[in-house]
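Undergrad: Input structure: upload_13.txt, which contains compact mmCIF, C-alpha atoms.
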# COMPACT_ATOMS: atom_id res chain seq x y z
CA MET E 1 -5.70 -13.38 26.20
CA ASP E 2 -6.29 -11.94 22.71
CA ASP E 3 -4.05 -13.70 20.16
CA THR E 4 -5.44 -11.82 17.16
CA PRO E 5 -2.56 -10.68 14.92
CA THR E 6 -2.05 -6.91 15.03
CA ARG E 7 -0.66 -5.06 12.03
CA PRO E 8 1.49 -1.95 12.46
CA ALA E 9 -0.26 1.38 12.00
CA PRO E 10 0.48 3.72 9.08
CA ILE E 11 3.46 6.00 9.62
CA LEU E 12 2.33 9.62 9.30
CA VAL E 13 5.34 11.93 9.23
CA ALA E 14 4.34 14.90 7.05
CA GLY E 15 4.34 17.12 10.14
CA LEU E 16 7.95 16.23 11.00
CA PHE E 17 9.74 17.57 7.89
CA SER E 18 9.89 21.13 9.20
CA GLU E 19 11.30 20.01 12.54
CA VAL E 20 13.99 17.80 11.06
CA ARG E 21 14.94 20.61 8.64
CA THR E 22 15.27 23.09 11.51
CA ASN E 23 17.64 20.64 13.19
CA LEU E 24 19.63 20.30 9.96
CA LEU E 25 20.03 24.05 9.47
CA GLU E 26 21.11 24.58 13.08
CA LEU E 27 23.64 21.78 12.59
CA LEU E 28 25.06 23.11 9.31
CA GLU E 29 25.24 26.71 10.48
CA GLY E 30 27.35 25.62 13.44
CA LEU E 31 29.95 23.74 11.38
CA SER E 32 33.50 24.99 11.00
CA PRO E 33 35.23 25.08 7.58
CA GLU E 34 37.09 21.94 8.62
CA ASP E 35 33.83 20.18 9.56
CA TRP E 36 32.47 20.62 6.03
CA HIS E 37 35.38 18.54 4.70
CA GLN E 38 35.10 15.60 7.09
CA PRO E 39 34.49 12.16 5.53
CA THR E 40 31.12 10.52 6.17
CA ALA E 41 29.73 6.99 6.16
CA ALA E 42 28.49 7.63 2.61
CA PRO E 43 31.30 6.22 0.44
CA LEU E 44 33.42 8.95 -1.21
CA TRP E 45 31.25 11.77 0.19
CA LEU E 46 32.38 14.52 2.56
CA VAL E 47 29.98 16.47 4.78
CA LYS E 48 29.52 19.10 2.07
CA ASP E 49 28.63 16.38 -0.45
CA VAL E 50 25.94 14.96 1.84
CA ALA E 51 24.47 18.44 2.37
CA LEU E 52 24.44 18.95 -1.41
CA HIS E 53 22.74 15.57 -1.80
CA LEU E 54 19.97 16.70 0.55
CA LEU E 55 19.56 19.91 -1.45
CA GLY E 56 19.46 17.95 -4.69
CA GLY E 57 16.79 15.70 -3.21
CA ASP E 58 14.67 18.73 -2.34
CA LEU E 59 14.98 20.20 -5.84
CA GLY E 60 14.34 16.87 -7.53
CA ASN E 61 11.28 16.05 -5.44
CA LEU E 62 9.75 19.48 -5.91
CA SER E 63 10.37 19.36 -9.66
CA ARG E 64 9.27 15.78 -10.27
CA ARG E 65 6.58 15.23 -7.66
CA ARG E 66 5.03 18.64 -7.08
CA ASP E 67 5.53 20.20 -10.51
CA GLY E 68 5.26 17.04 -12.65
CA PHE E 69 8.47 17.78 -14.55
CA ARG E 70 9.99 14.83 -16.37
CA PRO E 71 13.36 15.42 -18.10
CA PRO E 72 13.90 13.56 -21.37
CA GLY E 73 15.58 10.17 -21.22
CA LYS E 74 14.98 6.50 -21.84
CA PRO E 75 12.59 4.65 -19.49
CA VAL E 76 14.02 2.68 -16.58
CA THR E 77 12.89 -0.93 -16.90
CA SER E 78 14.56 -2.80 -14.03
CA TYR E 79 15.65 -2.36 -10.43
CA ALA E 80 19.32 -2.54 -11.45
CA GLU E 81 18.79 0.22 -14.02
CA LEU E 82 16.99 2.32 -11.40
CA VAL E 83 19.86 2.01 -8.91
CA ALA E 84 22.42 2.87 -11.61
CA PHE E 85 20.33 5.83 -12.76
CA ILE E 86 19.94 7.22 -9.22
CA ASN E 87 23.63 6.76 -8.41
CA ASN E 88 24.66 8.53 -11.61
CA LEU E 89 22.14 11.34 -11.03
CA ASN E 90 23.39 11.87 -7.47
CA ALA E 91 27.04 11.90 -8.53
CA GLU E 92 26.41 14.35 -11.38
CA TRP E 93 24.52 16.74 -9.12
CA VAL E 94 27.10 16.72 -6.31
CA ARG E 95 29.94 17.22 -8.78
CA ALA E 96 28.22 20.15 -10.51
CA ALA E 97 27.06 21.79 -7.27
CA HIS E 98 30.42 21.59 -5.54
CA ARG E 99 31.11 25.17 -6.64
CA LEU E 100 28.39 26.41 -4.24
CA SER E 101 29.50 28.02 -1.00
CA THR E 102 28.42 26.50 2.29
CA ARG E 103 26.48 29.69 3.09
CA LEU E 104 24.54 29.41 -0.15
CA ILE E 105 23.83 25.71 0.49
CA CYS E 106 22.25 26.67 3.83
CA ASP E 107 20.29 29.49 2.19
CA LEU E 108 18.92 27.16 -0.47
CA LEU E 109 18.00 24.47 2.09
CA THR E 110 16.17 27.18 4.04
CA PHE E 111 14.27 28.06 0.84
CA THR E 112 13.37 24.51 -0.26
CA GLY E 113 12.54 23.03 3.14
CA PRO E 114 9.17 24.75 3.73
CA GLN E 115 8.08 24.08 0.15
CA LEU E 116 8.82 20.38 0.48
CA ALA E 117 7.06 20.17 3.86
CA ALA E 118 4.00 21.94 2.42
CA TYR E 119 3.89 19.58 -0.54
CA TYR E 120 4.01 16.43 1.59
CA ALA E 121 1.35 17.86 3.91
CA SER E 122 -0.93 18.42 0.90
CA LEU E 123 -1.01 14.74 -0.08
CA ASP E 124 -3.62 12.15 0.85
CA PRO E 125 -1.53 9.68 2.85
CA PHE E 126 -3.98 6.83 2.28
CA ALA E 127 -4.07 7.07 -1.52
CA MET E 128 -2.00 4.60 -3.50
CA GLY E 129 1.25 5.90 -4.89
CA GLU E 130 4.53 4.72 -6.35
CA ALA E 131 6.32 1.58 -5.25
CA VAL E 132 8.88 1.92 -2.47
CA SER E 133 11.41 -0.33 -4.17
CA TRP E 134 13.18 -1.67 -1.10
CA ALA E 135 9.80 -2.68 0.37
CA GLY E 136 8.63 -4.49 -2.77
CA PRO E 137 7.70 -3.88 -6.42
CA ASN E 138 3.99 -3.15 -5.93
CA PRO E 139 2.40 0.31 -5.56
CA ALA E 140 2.58 1.52 -1.97
CA PRO E 141 0.33 3.85 0.02
CA VAL E 142 1.44 7.47 -0.14
CA TRP E 143 2.21 7.50 3.58
CA LEU E 144 4.97 4.91 3.05
CA ASP E 145 6.45 6.86 0.15
CA VAL E 146 6.47 10.03 2.27
CA ALA E 147 7.92 8.14 5.23
CA ARG E 148 10.68 6.85 2.95
CA GLU E 149 11.52 10.44 2.02
CA TYR E 150 11.56 11.36 5.71
CA THR E 151 14.11 8.62 6.44
CA GLU E 152 16.34 10.12 3.73
CA GLN E 153 16.22 13.49 5.48
CA TRP E 154 16.93 11.95 8.88
CA HIS E 155 19.68 9.48 8.03
CA HIS E 156 21.75 11.84 5.89
CA GLN E 157 21.58 14.45 8.64
CA GLN E 158 22.70 11.78 11.09
CA GLN E 159 25.66 10.95 8.83
CA ILE E 160 26.73 14.59 9.11
CA ARG E 161 26.30 14.48 12.88
CA ASP E 162 28.45 11.38 13.11
CA ALA E 163 31.15 12.82 10.86
CA THR E 164 31.42 16.05 12.86
CA GLY E 165 31.01 14.62 16.36
CA ARG E 166 27.64 16.30 16.98
CA PRO E 167 24.93 14.74 19.21
CA ALA E 168 22.76 12.11 17.55
CA LEU E 169 19.20 12.93 16.53
CA TYR E 170 17.79 10.08 18.60
CA SER E 171 14.71 11.66 20.18
CA PRO E 172 11.89 9.10 19.84
CA ARG E 173 9.68 11.71 18.16
CA LEU E 174 12.07 11.96 15.20
CA PHE E 175 13.85 8.59 15.32
CA THR E 176 11.03 6.11 16.01
CA PRO E 177 9.32 6.79 12.64
CA VAL E 178 12.66 6.13 10.90
CA LEU E 179 13.11 2.69 12.45
CA ASN E 180 9.42 1.89 11.93
CA THR E 181 9.72 2.79 8.24
CA PHE E 182 12.94 0.84 7.73
CA MET E 183 11.28 -2.28 9.18
CA ARG E 184 8.68 -2.20 6.38
CA ALA E 185 11.45 -3.68 4.21
CA ALA E 186 11.51 -6.90 6.24
CA PRO E 187 8.78 -8.94 4.46
CA HIS E 188 10.36 -8.21 1.06
CA HIS E 189 13.82 -9.23 2.28
CA TYR E 190 12.43 -12.50 3.67
CA ARG E 191 10.53 -13.29 0.46
CA ASN E 192 12.94 -16.07 -0.62
CA THR E 193 13.06 -17.70 2.82
CA GLU E 194 10.96 -20.83 2.47
CA ILE E 195 9.69 -22.00 5.84
CA PRO E 196 6.44 -23.60 7.08
CA GLU E 197 3.40 -21.37 7.20
CA GLY E 198 2.93 -19.74 10.62
CA THR E 199 6.64 -19.49 11.42
CA VAL E 200 7.44 -16.29 13.32
CA VAL E 201 10.65 -14.27 13.52
CA VAL E 202 10.70 -11.54 16.17
CA ILE E 203 12.85 -8.45 15.58
CA GLU E 204 13.48 -6.23 18.60
CA ILE E 205 15.29 -2.91 18.22
CA GLU E 206 16.55 -1.87 21.63
CA GLY E 207 16.61 1.75 22.77
CA GLY E 208 14.28 4.64 23.48
CA ALA E 209 13.15 4.91 19.85
CA GLY E 210 13.03 1.17 19.16
CA GLY E 211 10.25 -1.37 19.15
CA ARG E 212 9.33 -5.01 18.56
CA TRP E 213 8.02 -6.50 15.33
CA SER E 214 6.95 -10.02 14.33
CA LEU E 215 7.46 -11.43 10.87
CA GLN E 216 5.02 -14.27 10.22
CA ARG E 217 5.11 -16.59 7.23
CA GLY E 218 1.75 -16.76 5.51
CA ALA E 219 0.52 -19.10 2.82
CA GLU E 220 2.35 -17.13 0.11
CA ASN E 221 4.18 -14.19 1.70
CA TRP E 222 5.69 -12.92 4.92
CA GLU E 223 3.71 -10.34 6.89
CA LEU E 224 4.95 -7.71 9.33
CA LEU E 225 2.96 -7.65 12.57
CA ILE E 226 3.17 -5.96 15.95
CA LYS E 227 1.63 -8.90 17.74
CA THR E 228 0.99 -12.52 16.87
CA GLY E 229 -0.26 -15.45 18.91
CA GLN E 230 2.52 -17.73 17.65
CA PRO E 231 5.77 -18.30 19.59
CA PRO E 232 8.86 -17.16 17.65
CA ALA E 233 11.23 -19.60 15.99
CA THR E 234 13.89 -16.87 16.12
CA HIS E 235 14.30 -13.73 18.19
CA VAL E 236 16.77 -11.04 17.09
CA SER E 237 17.64 -8.11 19.35
CA ILE E 238 19.84 -5.26 18.10
CA PRO E 239 20.65 -1.78 19.50
CA GLN E 240 18.96 1.11 17.71
CA ASP E 241 22.33 2.71 16.97
CA ALA E 242 23.38 -0.38 15.03
CA ALA E 243 20.00 -1.00 13.37
CA TRP E 244 19.74 2.22 11.38
CA ARG E 245 23.37 1.93 10.26
CA LEU E 246 22.78 -1.63 9.07
CA PHE E 247 19.67 -0.62 7.10
CA THR E 248 21.46 2.30 5.40
CA LYS E 249 24.67 0.40 4.52
CA GLY E 250 26.62 2.27 7.20
CA MET E 251 27.54 -0.95 9.00
CA ARG E 252 28.55 -4.30 7.56
CA PRO E 253 26.24 -7.23 8.37
CA GLU E 254 28.93 -9.09 10.30
CA HIS E 255 29.56 -6.05 12.51
CA ALA E 256 25.84 -5.64 13.19
CA LYS E 257 25.56 -9.33 13.99
CA ALA E 258 28.36 -9.02 16.55
CA LEU E 259 26.31 -6.36 18.36
CA ALA E 260 23.05 -8.32 18.19
CA SER E 261 21.58 -11.14 20.24
CA ILE E 262 20.03 -14.12 18.42
CA ARG E 263 17.91 -16.76 20.11
CA GLY E 264 16.45 -19.79 18.34
CA ASP E 265 17.11 -20.77 14.72
CA ALA E 266 20.08 -18.59 13.72
CA ALA E 267 19.54 -19.31 10.01
CA LEU E 268 16.24 -17.41 10.14
CA ALA E 269 18.08 -14.32 11.35
CA GLU E 270 20.30 -14.11 8.26
CA PRO E 271 17.86 -12.22 5.96
CA PHE E 272 17.49 -9.56 8.65
CA PHE E 273 21.21 -8.80 8.55
CA GLN E 274 21.02 -8.37 4.77
CA MET E 275 18.22 -5.80 4.98
CA VAL E 276 18.76 -2.50 3.18
CA SER E 277 16.14 0.24 3.43
CA VAL E 278 17.70 2.72 1.02
CA LEU E 279 17.77 2.54 -2.75
CA ALA E 280 21.29 3.52 -3.74
Can you turn what I pasted into structure tokens?

TA:
Amino acid sequence: MDDTPTRPAPILVAGLFSEVRTNLLELLEGLSPEDWHQPTAAPLWLVKDVALHLLGGDLGNLSRRRDGFRPPGKPVTSYAELVAFINNLNAEWVRAAHRLSTRLICDLLTFTGPQLAAYYASLDPFAMGEAVSWAGPNPAPVWLDVAREYTEQWHHQQQIRDATGRPALYSPRLFTPVLNTFMRAAPHHYRNTEIPEGTVVVIEIEGGAGGRWSLQRGAENWELLIKTGQPPATHVSIPQDAAWRLFTKGMRPEHAKALASIRGDAALAEPFFQMVSVLA
């Protein structure tokens, strides 16, 4: 039996942006006027606000990333400042864009979607890029940055689906990369958990798009693995429907814990239920 630790493969999702955008446009174009005003899991945001947020993300990413545009302003020097800046930026955009009609929102999302997909496809996924803040402060490979942006597209669309009673976007092709990306936050969230080297925590997300990951304590840091030769000190199982909501602040930790199964040292499961894989 081969007990060599196996690391998870890079998550390559550039080819999925067009597909998830097609699903979004079909969803939005089928909404009634009442649907657009339904509350969502995003605090204080209706369906229209979430759609505007997605449009604002497209425009911001194309301007900043593709076109290199940097508006004037003081530098952000801490994580807390970054979160405050992003929250304020999002709120300002949604408030200003609320005058747009739902038809125009769909037209603009149709316009920006292919440009964004083309930009992400043009990047070298294995180059080093910006940090993905919820996964740690260090520069991350471009593929993780792009995968993070894909999770934004997926989970905000899913919030709209939930709010309007539409079927979930749970096909493994589109959903598995989301869960896989969210799990890259785990080593960073366990960073303050001091435990003997070699200790393993197994996280299992149950469902057709789920998977099984092992967190192993190294000499200095935790590492995310697919396979390890060490028996787990703790095993956490959670349904996929609860997992993504937990990671995006759509479900409180105590509610997620009630839906999960924990075997072994329960204290080692606690950092998992505090995981957040979104910035703001």

Undergrad: Residues at most 9 Å from region 110-127 of chain E, counting only C-alpha atoms, excluding those fewer than 5 positions away in the same chain, as a PyMOL selection string?

TA: chain E and resi 10+12-18+21-22+25+55+58-59+61-62+65-66+105+140-146

Undergrad: Taking all atoms of region 5-16 of chain E that appear in the file, build a box with edges along x, y and z, extend it by 8 Å on every side, and state its centre and edge lengths in Å to one decimal, as AutoDock Vina command-line options.

TA:
--center_x 2.7 --center_y 3.2 --center_z 11.0 --size_x 26.5 --size_y 43.8 --size_z 24.0

Undergrad: Show which residues sit within 12 Å of Asn87 (chain E), as a count of residues only. Count only C-alpha atoms, and ignore same-chain residues fewer than 6 positions away.

TA: 9

Undergrad: Go through region 76-161 of chain E and flag each residue having an atom no more than 10 Å from region 240-246 of chain E; for those, report the closest pair of atoms plus their distance in Å to one decimal, using all atoms listed in the file, ordered by chain and rising number, as CSV.

TA:
residue,atom,partner,partner_atom,distance
E:Thr151,CA,E:Trp244,CA,9.9
E:His155,CA,E:Trp244,CA,8.0
E:Gln158,CA,E:Arg245,CA,9.9
E:Gln159,CA,E:Arg245,CA,9.4

Undergrad: Residues as selected, C-alpha atoms, written as a PDB file, in the frame of the given file, can you do that?

TA:
ATOM      1  CA  THR E 151      14.110   8.620   6.440  1.00  0.00           C
ATOM      2  CA  HIS E 155      19.680   9.480   8.030  1.00  0.00           C
ATOM      3  CA  GLN E 158      22.700  11.780  11.090  1.00  0.00           C
ATOM      4  CA  GLN E 159      25.660  10.950   8.830  1.00  0.00           C
TER       5      GLN E 159
END

Undergrad: As an exercise, work out the distance from CA of Leu54 (chain E) to CA of Leu109 (chain E) in Å and give it to one decimal place.

TA: 8.2 Å

Undergrad: Using all atoms listed in the file for the distances, tell me which of E:Leu108, E:Val178, E:Ala266, E:Leu224 is nearest to Arg7 (chain E).

TA: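 The answer is E:Leu224, which sits nearest to Arg7 (chain E).
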
Undergrad: Let me make sure I understand: among E:Val201, E:Leu100, E:Leu24, E:Ala163, which one has the smallest atom-to-atom distance to Trp36 (chain E) if we use all atoms listed in the file?

TA: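 Under the stated criterion, the closest residue is E:Ala163.
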
Undergrad: Counting only C-alpha atoms, what is within 8 Å of Val50 (chain E), bar same-chain residues fewer than 5 positions away, as an MDAnalysis selection string?

TA: chainID E and resid 42 45 156 160

Undergrad: Nearest to Tyr190 (chain E) among E:Val276, E:Ile11, E:Ile226, E:Leu89, with distances taken over only C-alpha atoms: which residue is it?

TA: E:Val276

Undergrad: Which one of E:Gly198, E:Gly250, E:Gly210, E:Pro39 sits closest to Gly229 (chain E) if you count all atoms listed in the file?

TA: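 The shortest atom-to-atom distance to Gly229 (chain E) comes from E:Gly198.
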
Undergrad: To one decimal place, how far is CA of Lys227 (chain E) from CA of Thr6 (chain E) in Å?

TA: 5.0 Å

Undergrad: Sorted by chain and rising residue number, list the residues of region 216-264 of chain E at most 12 Å from region 132-138 of chain E (counting only C-alpha atoms), each with its closest atom pair and distance in Å to one decimal, as a Markdown table.

TA:
| residue | atom | partner | partner_atom | distance |
| --- | --- | --- | --- | --- |
| E:Asn221 | CA | E:Gly136 | CA | 11.6 |
| E:Trp222 | CA | E:Gly136 | CA | 11.8 |
| E:Glu223 | CA | E:Ala135 | CA | 11.8 |
| E:Leu224 | CA | E:Ala135 | CA | 11.4 |
| E:Phe247 | CA | E:Trp134 | CA | 10.5 |
| E:Thr248 | CA | E:Trp134 | CA | 11.3 |

Undergrad: In the coordinates of the file, take the point (9.6, -17.5, 18.1) and a cut-off of 9 Å; then, counting all atoms listed in the file, name each qualifying protein, DNA or RNA residue as a PDB file with C-alpha atoms, keeping the file's coordinate frame.

TA:
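Dumped everything to part-v7.pdb:
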ATOM      1  CA  THR E 199       6.640 -19.490  11.420  1.00  0.00           C
ATOM      2  CA  VAL E 200       7.440 -16.290  13.320  1.00  0.00           C
ATOM      3  CA  VAL E 201      10.650 -14.270  13.520  1.00  0.00           C
ATOM      4  CA  VAL E 202      10.700 -11.540  16.170  1.00  0.00           C
ATOM      5  CA  SER E 214       6.950 -10.020  14.330  1.00  0.00           C
ATOM      6  CA  GLN E 230       2.520 -17.730  17.650  1.00  0.00           C
ATOM      7  CA  PRO E 231       5.770 -18.300  19.590  1.00  0.00           C
ATOM      8  CA  PRO E 232       8.860 -17.160  17.650  1.00  0.00           C
ATOM      9  CA  ALA E 233      11.230 -19.600  15.990  1.00  0.00           C
ATOM     10  CA  THR E 234      13.890 -16.870  16.120  1.00  0.00           C
ATOM     11  CA  HIS E 235      14.300 -13.730  18.190  1.00  0.00           C
ATOM     12  CA  ARG E 263      17.910 -16.760  20.110  1.00  0.00           C
ATOM     13  CA  GLY E 264      16.450 -19.790  18.340  1.00  0.00           C
ATOM     14  CA  ASP E 265      17.110 -20.770  14.720  1.00  0.00           C
TER      15      ASP E 265
END
